[in-house]
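Following: one structure in structure tokens, then a few remarks.
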There are 2 protein chains.
Amino acid sequence: MARRRGPDRPTILDVADLAGVSRQTVSRVIANHPSVAPETRRRVEQAIEQLGYRPNRMARALVTRRSRTFGIASVDMRNQLFSDTCSAMQEAAREHGYSLVVAELDRRDDRGMGTLETLVSLGVDGIAVFPSILADEDVAAFAGRFGGPVVMITRAARIPNVISIALDEWEAARKLVGHLHTRGRRRIGLLMNEMFPDVVHDRYLALREAIAAATGVTEPPVVADRPTIPRGQVAAATLLDRHPDTDAIVAFNDMMAMGALKACKDLGLDVPRDVAVAGYDGIPFGEVVDPPLTTVVQDAFGMAREAYHALYAGIHGQWPADGEVRLWEPELVIRGST
Amino acid sequence: MARRRGPDRPTILDVADLAGVSRQTVSRVIANHPSVAPETRRRVEQAIEQLGYRPNRMARALVTRRSRTFGIASVDMRNQLFSDTCSAMQEAAREHGYSLVVAELDRRDDRGMGTLETLVSLGVDGIAVFPSILADEDVAAFAGRFGGPVVMITRAARIPNVISIALDEWEAARKLVGHLHTRGRRRIGLLMNEMFPDVVHDRYLALREAIAAATGVTEPPVVADRPTIPRGQVAAATLLDRHPDTDAIVAFNDMMAMGALKACKDLGLDVPRDVAVAGYDGIPFGEVVDPPLTTVVQDAFGMAREAYHALYAGIHGQWPADGEVRLWEPELVIRGST
DNA sequence: CTGTTAGCGCATTCAG
DNA sequence: CTGAATGCGCTAACAG
């Protein structure tokens with residue numbers, strides 16, 4: 001087969017030869033094992049430096065059965081909440097020398113399950129997943145097969161072998177709907193994400209409940225689509241067409257909410273006078289749009305750190321066989337759109 | 001050492017035993033090697049299915065010296081252009097069964113070079129990098145050490161062993177400045193990214209040149225900061241404070257431009273009447289802000305696909321020892337902010 | 001404190 | 001068409 005271009009990377013044997021020791025000694029130096037003579041250590045370190053040696057982590061993982069990588073997956077890598085999560089997880093992972101393998105769930109490949117299996121075959125020690133298109137049963141099945149720890153972010157569900165980290169949707173819905181109600185809104189419409197109603201997000205259930213409690217409306221109008229600006233625009237237009245008396249729109253996330261803003265503008269509706277609009281996530285663009293967007297802020301960084309530390313702990317200690325849910329407090333940021 | 005929880009994942013040997021063949025035969029079936037009897041193949045495939053076997057890609061990589069992963073790195077994973085690039089690269093990679101290892105350059109770790117080395121020790125076959133904090137010399141040094149293909153995105157520079165993929169900054173500057181000039185703007189201020197002037201981006205050189213050609217101003221005012229909304233806001237405020245007669249602001253990217261929008265609003269300046277504002281990248285939020293943002297759109301998806309295919313070709317074929325630059329056409333999208 | 005032996009899971013020779 | 005031997009780079013276990 002074709003040889004690598006240029007010289008091969010040095011191996012532990014090259015270092016050992018140059019330092020005049022056995023490879024085991026080199027291995028000990030790298031692992032910071034105490035039982036190495038200072039002089040020997042110095043020689044080895046010098047050889048490492050001189051050769052520019054870097055351990056092959058795949059070879060190491062093969063024997064330690066630990067790759068020091070975690071996988072993280074979502075159906076949309078371009079989502080700001082996901083980027084923030086990746087960034088914060090990687091930041092947290094650095095202190096332990098862990099790396100992140102990021103994958104976008106391919107819905108054509110067994111609804112995304114194939115992507116998770118790929119992550120496993122890459123040898124990740126644990127997995128964080130934004131479930132979205134995956135049902136609880138999918139995640140449960142995967143966590144059962146996969147030996148390592150699995151964390152689910154953005155959905156609260158008690159799934160065997162899974163720690164779930166998510167916003168407290170009921171608290172969020174109470175805060176948001178309470179705010180809208182205070183502002184005199186009574187006919188609240190919902191923009192849900194594309195999986196609805198096949199995968200019913202707690203966000204919907206919680207909002208429906210809060211709306212019923214506040215206004216007496218038990219089945220608020222709802223339109224589902226992809227959580228992007230253009231699709232949110234289409235969804236909002238549909239909603240307003242079917243229910244012209246709508247006086248408030250709550251969108252699944254800020255992207256859809258921004259689409260709703262555009263739809264209102266298209267229809268000549270004033271926000272917030274005619275229709276109030278609110279989203280979820282608290283992405284930074286929310287304060288630059290016109291009008292600035294009221295939103296339920298998720299502490300993406302805190303949740304990401306929590307996810308990382310759960311995975312890391314899960315590798316070394318126990319993992320809850322019957323699952324566990326960790327809820328996060330939402331923060332309502334009120335801006336001009338409501 | 002602590003054993004893995006649950007049963008170990010099945011290996012190729014387990015499959016071989018169950019199918020009653022040797023492991024090489026299993027290996028051949030997996031590799032789709034033709035010389036396997038149909039009946040044997042069927043038995044093996046059934047065993048694979050039954051055990052839920054998935055090849056260990058690290059073990060495979062150890063012997064093939066090819067991990068079928070590419071690394072991609074940037075100093076900020078949360079940047080939309082980077083997310084778009086990751087997403088598009090992964091999409092392109094799927095067809096060849098390649099995966100992406102995403103890393104955020106840690107500036108504390110040798111200005112990000114340490115992160116690149118980590119990627120190498122993880123065994124990636126090639127690397128795509130958004131250089132930002134890395135100077136051309138850094139990238140050159142790394143590409144020299146690393147045996148595999150290296151692609152640099154968002155900066156055009158002829159660096160040995162590196163294919164550089166970037167916007168045609170001169171064409172972009174001509175289009176943008178030409179547009180501003182047509183709109184009667186004569187005192188154009190610049191918001192550059194934080195590396196300026198230590199790492200001078202072509203974007204600055206090109207804009208300066210275009211501004212000189214159009215207005216005769218050879219040293220346009222410039223303020224540098226991080227390419228985020230809040231820092232862009234601060235930078236724009238500084239610029240307008242120092243040069244109150246500024247009638248147009250060109251920002252390094254849309255994030256900074258949105259910050260400039262906020263700064264203008266704070267100062268009671270009307271955009272675009274008093275000051276025109278434009279950015280680069282063409283992120284989707286640009287059309288939702290107030291006023292909608294004029295921007296130089298980069299074809300992130302096209303560039304990402306190009307980057308992937310360059311890397312993939314580089315693994316199998318030749319790589320330009322003296323480097324290569326591939327320029328991409330910018331598209332100027334004119335909206336309300338100018 | 002250091003070296004030797006063995007093997008992680010797999011693909012690549014080379015034999016049959 | 002199939003199997004046996006070999007080794008990728010590394011660490012664990014055991015000797016010295």
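Note on naming: chains are A, B, ... as they come in the structure tokens, residues start from 1 per chain, ligands start from 1 in the order shown.
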
Exercise. What's the 12 Å shell around stretch 244-249 of chain A, counting only C-alpha atoms (C1' of nucleotides), without same-chain residues fewer than 6 positions away, as a PyMOL selection string?
Worked result: chain A and resi 176-177+179-181+183-192+207+211+220-223+232-233+235-238+256-261+263-264+267+269-280+293-295+337-338

Dump of N, CA and C atoms for the selected residues, as a compact mmCIF listing (two decimals), in the first residue's frame:
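New file part.txt:
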# COMPACT_ATOMS: atom_id res chain seq x y z
N LEU A 176 -43.14 32.20 30.99
CA LEU A 176 -43.40 32.85 29.71
C LEU A 176 -44.88 33.15 29.50
N VAL A 177 -45.70 32.15 29.73
CA VAL A 177 -47.14 32.34 29.54
C VAL A 177 -47.68 33.34 30.57
N HIS A 179 -46.09 35.82 31.78
CA HIS A 179 -45.71 37.14 31.28
C HIS A 179 -46.65 37.61 30.17
N LEU A 180 -46.94 36.72 29.23
CA LEU A 180 -47.83 37.08 28.13
C LEU A 180 -49.22 37.42 28.65
N HIS A 181 -49.66 36.63 29.61
CA HIS A 181 -51.00 36.85 30.17
C HIS A 181 -51.06 38.20 30.86
N ARG A 183 -49.45 40.72 30.06
CA ARG A 183 -49.48 41.72 29.00
C ARG A 183 -50.83 41.73 28.27
N GLY A 184 -51.75 40.92 28.76
CA GLY A 184 -53.09 40.94 28.20
C GLY A 184 -53.32 39.99 27.03
N ARG A 185 -52.37 39.10 26.79
CA ARG A 185 -52.52 38.17 25.66
C ARG A 185 -53.40 36.99 26.07
N ARG A 186 -54.33 36.65 25.20
CA ARG A 186 -55.26 35.58 25.51
C ARG A 186 -55.32 34.50 24.43
N ARG A 187 -54.93 34.85 23.23
CA ARG A 187 -55.01 33.86 22.14
C ARG A 187 -53.59 33.56 21.65
N ILE A 188 -52.98 32.61 22.35
CA ILE A 188 -51.57 32.30 22.13
C ILE A 188 -51.41 31.13 21.17
N GLY A 189 -50.65 31.35 20.11
CA GLY A 189 -50.38 30.28 19.14
C GLY A 189 -48.98 29.74 19.32
N LEU A 190 -48.79 28.49 18.92
CA LEU A 190 -47.50 27.82 19.14
C LEU A 190 -46.83 27.41 17.83
N LEU A 191 -45.54 27.59 17.77
CA LEU A 191 -44.74 27.09 16.64
C LEU A 191 -43.83 26.00 17.18
N MET A 192 -44.09 24.77 16.81
CA MET A 192 -43.28 23.68 17.34
C MET A 192 -42.27 23.18 16.30
N LEU A 207 -46.29 24.15 27.67
CA LEU A 207 -46.92 25.38 27.20
C LEU A 207 -48.44 25.20 27.14
N ILE A 211 -50.94 27.48 29.22
CA ILE A 211 -51.93 28.28 28.49
C ILE A 211 -53.34 27.95 28.99
N PRO A 220 -54.42 24.99 22.20
CA PRO A 220 -53.94 26.18 21.48
C PRO A 220 -53.53 25.79 20.06
N PRO A 221 -53.72 26.70 19.12
CA PRO A 221 -53.30 26.40 17.75
C PRO A 221 -51.79 26.16 17.68
N VAL A 222 -51.40 25.20 16.87
CA VAL A 222 -49.98 24.89 16.77
C VAL A 222 -49.62 24.50 15.35
N VAL A 223 -48.50 24.99 14.88
CA VAL A 223 -47.96 24.61 13.57
C VAL A 223 -46.54 24.12 13.78
N GLY A 232 -39.64 29.00 10.11
CA GLY A 232 -40.43 29.66 11.15
C GLY A 232 -41.34 30.72 10.55
N GLN A 233 -40.81 31.37 9.52
CA GLN A 233 -41.59 32.39 8.82
C GLN A 233 -42.82 31.76 8.16
N ALA A 235 -44.18 28.89 8.95
CA ALA A 235 -45.06 28.33 9.98
C ALA A 235 -45.91 29.43 10.60
N ALA A 236 -45.29 30.58 10.88
CA ALA A 236 -46.03 31.68 11.49
C ALA A 236 -47.10 32.20 10.54
N ALA A 237 -46.73 32.28 9.26
CA ALA A 237 -47.71 32.74 8.27
C ALA A 237 -48.91 31.81 8.24
N THR A 238 -48.63 30.52 8.29
CA THR A 238 -49.70 29.53 8.31
C THR A 238 -50.59 29.71 9.54
N MET A 256 -37.04 30.18 14.95
CA MET A 256 -38.43 30.21 14.49
C MET A 256 -39.09 31.53 14.86
N ALA A 257 -38.76 32.03 16.04
CA ALA A 257 -39.36 33.30 16.49
C ALA A 257 -38.96 34.43 15.55
N MET A 258 -37.71 34.41 15.10
CA MET A 258 -37.27 35.44 14.16
C MET A 258 -38.01 35.30 12.84
N GLY A 259 -38.26 34.08 12.45
CA GLY A 259 -39.08 33.86 11.26
C GLY A 259 -40.47 34.45 11.46
N ALA A 260 -41.00 34.26 12.66
CA ALA A 260 -42.33 34.80 12.98
C ALA A 260 -42.32 36.32 12.88
N LEU A 261 -41.23 36.91 13.34
CA LEU A 261 -41.08 38.37 13.25
C LEU A 261 -41.21 38.81 11.79
N ALA A 263 -42.65 37.14 9.37
CA ALA A 263 -44.00 36.87 8.88
C ALA A 263 -44.94 38.01 9.28
N CYS A 264 -44.80 38.48 10.51
CA CYS A 264 -45.64 39.58 10.98
C CYS A 264 -45.39 40.83 10.15
N LEU A 267 -47.07 40.65 6.90
CA LEU A 267 -48.53 40.80 6.97
C LEU A 267 -48.93 42.19 7.45
N LEU A 269 -48.36 43.38 10.35
CA LEU A 269 -48.73 43.36 11.77
C LEU A 269 -47.63 43.99 12.60
N ASP A 270 -47.99 44.75 13.57
CA ASP A 270 -46.99 45.37 14.44
C ASP A 270 -46.69 44.45 15.63
N VAL A 271 -45.39 44.24 15.85
CA VAL A 271 -44.95 43.48 17.02
C VAL A 271 -44.36 44.47 18.01
N PRO A 272 -44.83 44.53 19.24
CA PRO A 272 -45.76 43.60 19.88
C PRO A 272 -47.22 44.07 19.90
N ARG A 273 -47.52 45.22 19.29
CA ARG A 273 -48.88 45.74 19.48
C ARG A 273 -49.94 44.73 19.03
N ASP A 274 -49.82 44.26 17.78
CA ASP A 274 -50.82 43.32 17.27
C ASP A 274 -50.54 41.90 17.73
N VAL A 275 -49.30 41.51 17.63
CA VAL A 275 -48.92 40.15 18.01
C VAL A 275 -47.62 40.20 18.81
N ALA A 276 -47.60 39.54 19.93
CA ALA A 276 -46.36 39.40 20.69
C ALA A 276 -45.64 38.15 20.20
N VAL A 277 -44.31 38.18 20.22
CA VAL A 277 -43.54 37.03 19.75
C VAL A 277 -42.44 36.71 20.77
N ALA A 278 -42.31 35.43 21.09
CA ALA A 278 -41.26 35.02 22.03
C ALA A 278 -40.65 33.71 21.58
N GLY A 279 -39.39 33.51 21.95
CA GLY A 279 -38.71 32.27 21.58
C GLY A 279 -38.05 31.62 22.78
N TYR A 280 -37.21 30.65 22.49
CA TYR A 280 -36.45 29.95 23.51
C TYR A 280 -34.98 29.91 23.09
N LEU A 293 -35.94 40.40 20.80
CA LEU A 293 -36.77 39.23 21.06
C LEU A 293 -36.83 38.84 22.54
N THR A 294 -38.04 38.71 23.03
CA THR A 294 -38.23 38.11 24.35
C THR A 294 -37.94 36.62 24.23
N THR A 295 -37.23 36.07 25.21
CA THR A 295 -36.80 34.69 25.07
C THR A 295 -36.57 34.02 26.41
N SER A 337 -40.22 42.50 21.93
CA SER A 337 -41.16 41.76 21.08
C SER A 337 -42.42 41.33 21.82
N THR A 338 -42.44 41.52 23.15
CA THR A 338 -43.67 41.21 23.89
C THR A 338 -44.06 42.42 24.73

For this session: At a cut-off of 7 Å, list the chain B residues touching chain C, using only C-alpha atoms (C1' of nucleotides), as a ChimeraX atom specification.
Result: /B:11,56,59-60,63-64

Export, as a CSV table (one decimal), in the first residue's frame, the selected residues with C-alpha atoms.
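Output below, filename out35.csv:
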chain,number,residue,atom,x,y,z
B,11,THR,CA,-14.8,-8.5,18.1
B,56,ASN,CA,-13.2,-1.2,15.9
B,59,ALA,CA,-7.7,-1.1,15.7
B,60,ARG,CA,-8.2,-0.9,12.0
B,63,VAL,CA,-2.8,-1.4,10.8
B,64,THR,CA,-4.0,0.5,7.8

For this session: For chain B, list the residues within 7 Å of chain A, counting only C-alpha atoms, and write the list as a ChimeraX atom specification.
Result: /B:4-6,54-59,62,77-78,80,83-84,87,100-103,121-123,147,258,285,288-290

Could those selected residues go to a file with C-alpha atoms, as a compact mmCIF listing (two decimals), in the first residue's frame?
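Final output, saved to part.txt:
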# COMPACT_ATOMS: atom_id res chain seq x y z
CA ARG B 4 -16.08 -2.13 31.26
CA ARG B 5 -19.57 -2.22 32.57
CA GLY B 6 -21.68 -4.73 30.76
CA ARG B 54 -19.15 -3.09 14.51
CA PRO B 55 -15.50 -2.97 13.56
CA ASN B 56 -13.21 -1.15 15.94
CA ARG B 57 -11.96 1.69 13.81
CA MET B 58 -9.01 2.43 16.03
CA ALA B 59 -7.69 -1.08 15.68
CA LEU B 62 -3.50 1.07 13.61
CA MET B 77 -16.58 26.76 17.44
CA ARG B 78 -19.53 29.07 17.97
CA GLN B 80 -21.61 30.48 12.29
CA SER B 83 -20.51 25.59 12.04
CA ASP B 84 -21.65 25.79 8.45
CA SER B 87 -21.79 20.66 8.72
CA LEU B 100 -14.92 14.65 11.58
CA VAL B 101 -13.05 15.41 14.76
CA VAL B 102 -13.76 18.99 15.70
CA ALA B 103 -11.47 20.92 17.99
CA SER B 121 -2.11 12.21 18.00
CA LEU B 122 -5.76 11.26 17.61
CA GLY B 123 -4.73 9.94 14.25
CA GLY B 147 2.64 14.05 7.19
CA MET B 258 -24.45 43.89 14.25
CA PHE B 285 -29.55 36.59 11.04
CA VAL B 288 -33.66 39.90 10.46
CA VAL B 289 -31.78 42.67 12.20
CA ASP B 290 -32.83 46.30 11.98

Chain D residues near chain A (7 Å cut-off, only C-alpha atoms (C1' of nucleotides)) as an mmCIF file with C-alpha atoms (C1' of nucleotides), in the first residue's frame:
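Printed below is selection.cif as written:
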data_model
loop_
_atom_site.group_PDB
_atom_site.id
_atom_site.type_symbol
_atom_site.label_atom_id
_atom_site.label_comp_id
_atom_site.auth_asym_id
_atom_site.auth_seq_id
_atom_site.Cartn_x
_atom_site.Cartn_y
_atom_site.Cartn_z
ATOM 1 C "C1'" DG D 9 2.002 1.449 18.678
ATOM 2 C "C1'" DC D 10 1.136 1.119 22.915
ATOM 3 C "C1'" DT D 11 0.454 -0.275 28.140
#

Problem set entry | DSSP strand (DSSP E) selection over stretch 10-251 of chain B, as JSON, numbers by chain | {"B": [69, 70, 71, 72, 73, 74, 99, 100, 101, 102, 103, 104, 126, 127, 128, 129, 150, 151, 152, 153, 162, 163, 164, 165, 166, 167, 188, 189, 190, 191, 192, 193, 222, 223, 224, 225, 248, 249, 250, 251]}

Just-selected residues, C-alpha atoms written as a PDB file, in the first residue's frame:
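part11.pdb, written as the output of this step:
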ATOM      1  CA  THR B  69     -11.232  10.798  10.131  1.00  0.00           C
ATOM      2  CA  PHE B  70     -10.344  14.374   9.372  1.00  0.00           C
ATOM      3  CA  GLY B  71      -9.681  17.026  11.954  1.00  0.00           C
ATOM      4  CA  ILE B  72     -11.114  20.509  11.756  1.00  0.00           C
ATOM      5  CA  ALA B  73     -10.138  23.322  14.058  1.00  0.00           C
ATOM      6  CA  SER B  74     -10.984  26.924  14.750  1.00  0.00           C
ATOM      7  CA  SER B  99     -15.861  11.276  10.171  1.00  0.00           C
ATOM      8  CA  LEU B 100     -14.921  14.646  11.578  1.00  0.00           C
ATOM      9  CA  VAL B 101     -13.048  15.408  14.761  1.00  0.00           C
ATOM     10  CA  VAL B 102     -13.760  18.994  15.702  1.00  0.00           C
ATOM     11  CA  ALA B 103     -11.467  20.924  17.992  1.00  0.00           C
ATOM     12  CA  GLU B 104     -11.412  24.452  19.295  1.00  0.00           C
ATOM     13  CA  GLY B 126      -5.832  15.295   7.331  1.00  0.00           C
ATOM     14  CA  ILE B 127      -6.652  18.643   8.851  1.00  0.00           C
ATOM     15  CA  ALA B 128      -8.738  21.657   7.933  1.00  0.00           C
ATOM     16  CA  VAL B 129      -8.000  24.761   9.921  1.00  0.00           C
ATOM     17  CA  VAL B 150      -3.569  20.382   5.460  1.00  0.00           C
ATOM     18  CA  VAL B 151      -6.223  22.760   4.204  1.00  0.00           C
ATOM     19  CA  MET B 152      -6.483  26.313   5.415  1.00  0.00           C
ATOM     20  CA  ILE B 153      -9.880  27.967   5.143  1.00  0.00           C
ATOM     21  CA  VAL B 162      -1.028  23.646   2.344  1.00  0.00           C
ATOM     22  CA  ILE B 163      -4.027  24.191   0.130  1.00  0.00           C
ATOM     23  CA  SER B 164      -5.626  27.455   1.030  1.00  0.00           C
ATOM     24  CA  ILE B 165      -9.291  28.080   0.326  1.00  0.00           C
ATOM     25  CA  ALA B 166     -10.605  31.560   0.775  1.00  0.00           C
ATOM     26  CA  LEU B 167     -12.750  34.358  -0.452  1.00  0.00           C
ATOM     27  CA  ILE B 188     -15.193  54.693   5.544  1.00  0.00           C
ATOM     28  CA  GLY B 189     -14.070  53.230   8.863  1.00  0.00           C
ATOM     29  CA  LEU B 190     -12.975  49.640   9.431  1.00  0.00           C
ATOM     30  CA  LEU B 191     -13.630  47.157  12.221  1.00  0.00           C
ATOM     31  CA  MET B 192     -11.024  44.411  12.069  1.00  0.00           C
ATOM     32  CA  ASN B 193     -10.666  41.228  14.090  1.00  0.00           C
ATOM     33  CA  VAL B 222      -9.506  51.066  11.929  1.00  0.00           C
ATOM     34  CA  VAL B 223     -10.327  49.548  15.309  1.00  0.00           C
ATOM     35  CA  ALA B 224      -9.616  45.909  16.117  1.00  0.00           C
ATOM     36  CA  ASP B 225     -11.430  43.634  18.542  1.00  0.00           C
ATOM     37  CA  ALA B 248     -19.710  54.124   6.619  1.00  0.00           C
ATOM     38  CA  ILE B 249     -18.465  51.213   8.708  1.00  0.00           C
ATOM     39  CA  VAL B 250     -17.217  47.988   7.211  1.00  0.00           C
ATOM     40  CA  ALA B 251     -16.905  45.236   9.786  1.00  0.00           C
TER      41      ALA B 251
END

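Relative to atom CA of B:Asp322, atom CA of B:Glu171 is found at 24.5 Å.
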
For this session: as a PyMOL selection string, please: all residues of stretch 15-212 of chain B that backbone DSSP puts in helix (DSSP H, G or I).
Result: chain B and resi 15-19+23-30+38-51+57-64+80-94+110-121+136-145+169-182+202-212

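Relative to atom CA of B:Arg231, atom CA of B:Asp168 is found at 25.9 Å.
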